[in-house]
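Chemist: I'm passing along work_31.txt; it holds compact mmCIF, C-alpha atoms.
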```
# COMPACT_ATOMS: atom_id res chain seq x y z
CA MET R 201 43.62 -36.89 89.18
CA SER R 202 40.81 -36.92 91.70
CA TYR R 203 41.20 -33.14 92.24
CA MET R 204 40.70 -32.52 88.49
CA PHE R 205 37.42 -34.48 88.40
CA GLU R 206 36.08 -32.90 91.57
CA HIS R 207 37.04 -29.26 91.00
CA ILE R 208 38.17 -28.39 87.47
CA LEU R 209 35.97 -30.59 85.27
CA PRO R 210 32.67 -29.39 86.80
CA ARG R 211 33.69 -25.77 86.10
CA TYR R 212 34.45 -26.54 82.47
CA LEU R 213 31.16 -28.38 82.10
CA LEU R 214 29.33 -25.42 83.59
CA ILE R 215 31.05 -23.00 81.20
CA ILE R 216 30.31 -25.22 78.20
CA THR R 217 26.67 -25.59 79.26
CA VAL R 218 26.27 -21.81 79.62
CA LEU R 219 27.82 -21.23 76.19
CA ILE R 220 25.56 -23.81 74.55
CA LEU R 221 22.44 -22.42 76.21
CA GLY R 222 23.45 -18.90 75.22
CA ALA R 223 23.92 -19.94 71.60
CA VAL R 224 20.59 -21.78 71.56
CA THR R 225 18.82 -18.77 73.06
CA MET R 226 20.46 -16.37 70.64
CA PHE R 227 19.60 -18.59 67.67
CA GLY R 228 16.03 -18.92 68.86
CA GLN R 229 15.62 -15.14 69.11
CA THR R 230 17.10 -14.58 65.68
CA TYR R 231 14.90 -17.24 64.15
CA ALA R 232 11.77 -15.93 65.86
CA SER R 233 12.34 -12.40 64.55
CA THR R 234 13.37 -13.22 60.98
CA ILE R 235 11.97 -10.75 58.48
CA MET R 236 10.04 -12.58 55.78
CA LEU R 237 8.11 -11.73 52.64
CA ASP R 238 4.42 -10.86 53.07
CA GLN R 239 4.80 -10.09 56.77
CA LYS R 240 3.90 -6.70 58.19
CA ALA R 241 6.90 -4.38 58.02
CA PRO R 242 8.21 -3.22 61.41
CA GLU R 243 6.84 0.23 62.26
CA PHE R 244 9.23 3.11 62.85
CA THR R 245 9.29 6.81 63.64
CA LEU R 246 12.50 8.67 62.75
CA ILE R 247 13.63 12.23 61.99
CA ASP R 248 14.95 13.22 58.57
CA GLN R 249 17.68 15.64 57.50
CA ASN R 250 15.25 18.57 57.82
CA GLY R 251 14.05 17.68 61.32
CA LEU R 252 10.71 16.28 60.06
CA THR R 253 9.30 13.11 61.60
CA HIS R 254 8.49 10.13 59.37
CA SER R 255 6.62 6.96 60.32
CA LEU R 256 5.88 3.99 58.13
CA GLN R 257 2.17 4.57 58.75
CA ASP R 258 2.54 8.01 57.08
CA TYR R 259 2.91 6.14 53.79
CA ALA R 260 -0.12 3.85 54.08
CA GLY R 261 -1.62 3.45 50.61
CA ARG R 262 1.74 3.98 48.89
CA TRP R 263 4.66 1.75 48.04
CA VAL R 264 7.84 2.38 50.03
CA VAL R 265 11.46 1.65 49.18
CA LEU R 266 13.20 1.56 52.56
CA TYR R 267 16.93 1.34 52.02
CA PHE R 268 19.52 1.04 54.76
CA TYR R 269 23.09 2.16 54.12
CA PRO R 270 26.28 2.25 56.22
CA LYS R 271 27.58 5.85 56.20
CA ASN R 272 26.92 9.24 54.64
CA ASP R 273 29.37 10.56 52.06
CA THR R 274 31.28 7.30 51.54
CA PRO R 275 31.87 6.02 47.98
CA GLY R 276 29.33 3.16 47.92
CA CYS R 277 26.66 5.05 49.84
CA THR R 278 27.08 8.10 47.61
CA LYS R 279 26.71 5.96 44.46
CA GLU R 280 23.56 4.34 45.82
CA ALA R 281 21.98 7.61 47.00
CA CYS R 282 22.77 9.41 43.74
CA ALA R 283 21.31 6.53 41.71
CA PHE R 284 18.08 6.78 43.72
CA ARG R 285 18.21 10.57 43.18
CA ASP R 286 18.59 10.13 39.42
CA ASP R 287 15.67 7.67 39.27
CA TYR R 288 13.55 9.49 41.84
CA LYS R 289 11.01 11.05 39.44
CA VAL R 290 10.33 7.67 37.83
CA ILE R 291 10.00 6.01 41.24
CA VAL R 292 7.61 8.71 42.50
CA ALA R 293 5.55 8.28 39.31
CA GLU R 294 5.05 4.68 40.50
CA ASN R 295 3.32 6.02 43.66
CA THR R 296 6.39 5.07 45.67
CA GLN R 297 8.36 6.85 48.38
CA VAL R 298 12.12 6.33 48.82
CA LEU R 299 13.43 6.51 52.38
CA GLY R 300 17.14 6.16 53.19
CA VAL R 301 18.16 5.08 56.71
CA SER R 302 21.54 5.06 58.46
CA VAL R 303 22.77 5.47 62.02
CA ASP R 304 24.31 8.86 61.16
CA ASP R 305 22.86 11.88 62.94
CA ARG R 306 20.49 14.43 61.46
CA ALA R 307 23.22 17.03 60.81
CA SER R 308 25.28 14.49 58.85
CA HIS R 309 22.20 13.59 56.79
CA GLU R 310 21.55 17.28 56.10
CA LYS R 311 25.09 17.84 54.76
CA PHE R 312 24.94 14.66 52.66
CA ALA R 313 21.52 15.49 51.19
CA ASP R 314 22.54 19.08 50.42
CA LYS R 315 25.89 18.11 48.88
CA TYR R 316 24.28 15.66 46.43
CA SER R 317 20.82 17.32 46.05
CA LEU R 318 19.01 14.26 47.37
CA PRO R 319 15.24 14.81 47.01
CA PHE R 320 14.09 12.09 49.42
CA PRO R 321 14.19 11.80 53.22
CA LEU R 322 17.30 10.44 54.91
CA LEU R 323 16.21 9.10 58.28
CA SER R 324 18.46 9.17 61.31
CA ASP R 325 18.46 5.91 63.29
CA GLU R 326 21.23 6.87 65.73
CA LYS R 327 20.49 4.10 68.21
CA GLY R 328 20.14 1.52 65.42
CA GLN R 329 16.77 0.28 66.70
CA VAL R 330 15.02 0.44 63.33
CA ALA R 331 17.96 -1.15 61.51
CA LYS R 332 17.93 -3.90 64.13
CA SER R 333 14.19 -4.49 63.67
CA TYR R 334 14.83 -5.01 59.94
CA GLN R 335 17.92 -7.16 60.65
CA ALA R 336 20.09 -4.56 58.97
CA LEU R 337 22.28 -3.56 61.93
CA MET R 338 25.94 -4.49 62.23
CA SER R 339 27.76 -3.99 65.52
CA LEU R 340 31.52 -4.05 65.90
CA GLY R 341 32.00 -3.49 69.61
CA PRO R 342 30.76 0.03 70.34
CA LEU R 343 30.55 0.89 66.62
CA LYS R 344 27.22 0.38 64.88
CA TYR R 345 26.25 0.84 61.28
CA ALA R 346 23.43 -0.18 58.99
CA LYS R 347 24.07 -2.92 56.47
CA ARG R 348 23.28 -2.19 52.83
CA HIS R 349 19.82 -3.81 52.79
CA THR R 350 16.63 -2.69 51.06
CA PHE R 351 12.95 -3.51 51.51
CA ILE R 352 10.06 -2.85 49.18
CA ILE R 353 6.89 -2.39 51.24
CA ASP R 354 3.45 -2.47 49.62
CA PRO R 355 0.57 -0.01 50.25
CA ASN R 356 -0.77 -2.33 52.98
CA GLY R 357 2.52 -2.21 54.90
CA LYS R 358 3.68 -5.72 53.94
CA ILE R 359 7.21 -6.56 52.84
CA LYS R 360 7.17 -7.65 49.20
CA LYS R 361 10.88 -7.74 48.36
CA ILE R 362 14.06 -8.02 50.43
CA TYR R 363 17.56 -7.27 49.16
CA ARG R 364 20.38 -8.49 51.38
CA LYS R 365 23.09 -8.17 48.73
CA VAL R 366 23.15 -4.86 46.93
CA ASP R 367 25.28 -3.41 44.15
CA ALA R 368 25.28 0.28 45.04
CA ALA R 369 25.63 1.56 41.47
CA SER R 370 22.82 -0.50 39.87
CA HIS R 371 20.52 -1.04 42.84
CA SER R 372 18.06 1.75 42.04
CA LYS R 373 17.43 0.34 38.55
CA GLN R 374 16.94 -3.15 40.01
CA VAL R 375 14.47 -1.81 42.59
CA LEU R 376 12.54 0.09 39.92
CA ALA R 377 12.28 -3.00 37.70
CA ASP R 378 11.18 -5.19 40.63
CA LEU R 379 8.70 -2.55 41.76
CA LYS R 380 7.03 -2.57 38.34
CA LEU R 381 6.85 -6.40 38.42
CA LEU R 382 5.35 -6.41 41.89
CA LYS R 383 2.74 -3.84 40.94
CA ALA R 384 1.81 -5.81 37.82
CA ASN R 385 0.96 -8.93 39.86
```
If you convert what's in this file into structure tokens, what do you get?
Modeler:
Amino acid sequence: MSYMFEHILPRYLLIITVLILGAVTMFGQTYASTIMLDQKAPEFTLIDQNGLTHSLQDYAGRWVVLYFYPKNDTPGCTKEACAFRDDYKVIVAENTQVLGVSVDDRASHEKFADKYSLPFPLLSDEKGQVAKSYQALMSLGPLKYAKRHTFIIDPNGKIKKIYRKVDAASHSKQVLADLKLLKAN
């Protein structure tokens, strides 16, 4: 019994302490970096399907719909992209730019955009850094993908609407309606 208290118990206490401190640190970092309404949107610079570079600052003075999606040419992502394509002229008429972002590479974006005649930039975030800065990155071991999250960013670069739960088929219509409401206020 004495051996257990002198040798084994201190090791377990050390392990438990490290786990608790790790969880507290991780929670603190997540809380400190939470994306909130009316805060400045995280800046980014990414390449699109045509090899052109896009930065958030390029769209200063315009509204931006920044939507993250998991994977090119999958059923849900195709529905969402095609809905944005179908509503694109109306969205552009609202002085708004649509930007799609996933961790797929540029070549994959090019094929996807060509196959479905997508008129807006698809940005390649291969390392997932931009998705992470918007809390839209999911990691499963070595696999990374963007969660289906969308942000409406105003002409001053502030986040005005956050969507964490998205219905791929109707999302574009919801964004357009919310965009009009935001602009009216």
Chemist: Find the distance between atom CA of R:Ser317 and atom CA of R:Ser302 and write it in Å to one decimal.
Modeler: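 Going from atom CA of R:Ser317 over to atom CA of R:Ser302, I get 17.5 Å.
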Chemist: May I ask which of the residues R:Lys365, R:Ala307, R:Leu379, R:Phe351 is the closest one to R:Asp238, counting all atoms listed in the file?
Modeler: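 Answer, going by the shortest atom-to-atom distance: R:Phe351.
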Chemist: Quick check, in Å to one decimal: how far apart do atom CA of R:Asp287 and atom CA of R:Val375 lie?
Modeler: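 Computing the Euclidean distance for atom CA of R:Asp287 and atom CA of R:Val375 yields 10.1 Å.
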Chemist: Within 6 Å of R:Val301, counting all atoms listed in the file, which residues qualify if same-chain residues fewer than 2 places away don't, as a PDB file with C-alpha atoms, in the frame of the given file?
Modeler:
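File part33.pdb, as written:
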```
ATOM      1  CA  PHE R 268      19.520   1.040  54.760  1.00  0.00           C
ATOM      2  CA  LEU R 322      17.300  10.440  54.910  1.00  0.00           C
ATOM      3  CA  LEU R 323      16.210   9.100  58.280  1.00  0.00           C
TER       4      LEU R 323
END
```
Chemist: So, counting only C-alpha atoms, which residue among R:Gln297, R:Gln239, R:Thr234, R:Gln257 is closest to R:Pro319?
Modeler: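 Looking only at the distances to R:Pro319, the closest residue turns out to be R:Gln297.
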Chemist: So, counting only C-alpha atoms, which residue among R:Arg364, R:His254, R:Lys271, R:Lys380 is closest to R:Asp305?
Modeler: R:Lys271
Chemist: Report, in Å to a single decimal, how far apart atom CA of R:Phe284 and atom CA of R:Lys373 are.
Modeler: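 Separating atom CA of R:Lys373 from atom CA of R:Phe284 is a distance of 8.3 Å.
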Chemist: Using only C-alpha atoms, find the one residue out of R:Thr296, R:Thr350, R:Asn385, R:Asn356 that sits nearest to R:Ala331.
Modeler: R:Thr350
Chemist: Calculated over all atoms listed in the file, which of the candidates R:Leu381, R:Ala368, R:Val303, R:Ile362 has the smallest distance to R:Lys279?
Modeler: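 Using all atoms listed in the file, the shortest distance to R:Lys279 belongs to R:Ala368.
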Chemist: Have a look at R:Asp354, R:Glu294, R:Glu310, R:Asp367 and name the one nearest to R:Ala260; count all atoms listed in the file.
Modeler: R:Asp354
Chemist: Env of R:Phe320: 8 Å cut, atoms = all atoms listed in the file, seq-sep filter 4 positions within chain, self excluded. Answer as a ChimeraX atom specification.
Modeler: /R:285,297-300
Chemist: Using C-alpha atoms, can you export the residues from the last selection as a CSV table (one decimal), in the frame of the given file?
Modeler:
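Now in part-v5.csv:
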```csv
chain,number,residue,atom,x,y,z
R,285,ARG,CA,18.2,10.6,43.2
R,297,GLN,CA,8.4,6.8,48.4
R,298,VAL,CA,12.1,6.3,48.8
R,299,LEU,CA,13.4,6.5,52.4
R,300,GLY,CA,17.1,6.2,53.2
```
Chemist: Return the padded bounding box of stretch 268-274 of chain R as AutoDock Vina command-line options: axis-aligned, built from all atoms listed in the file, 6 Å added on each side, with centre and edge lengths in Å to one decimal.
Modeler:
```
--center_x 25.4 --center_y 5.8 --center_z 53.9 --size_x 23.8 --size_y 21.5 --size_z 16.7
```
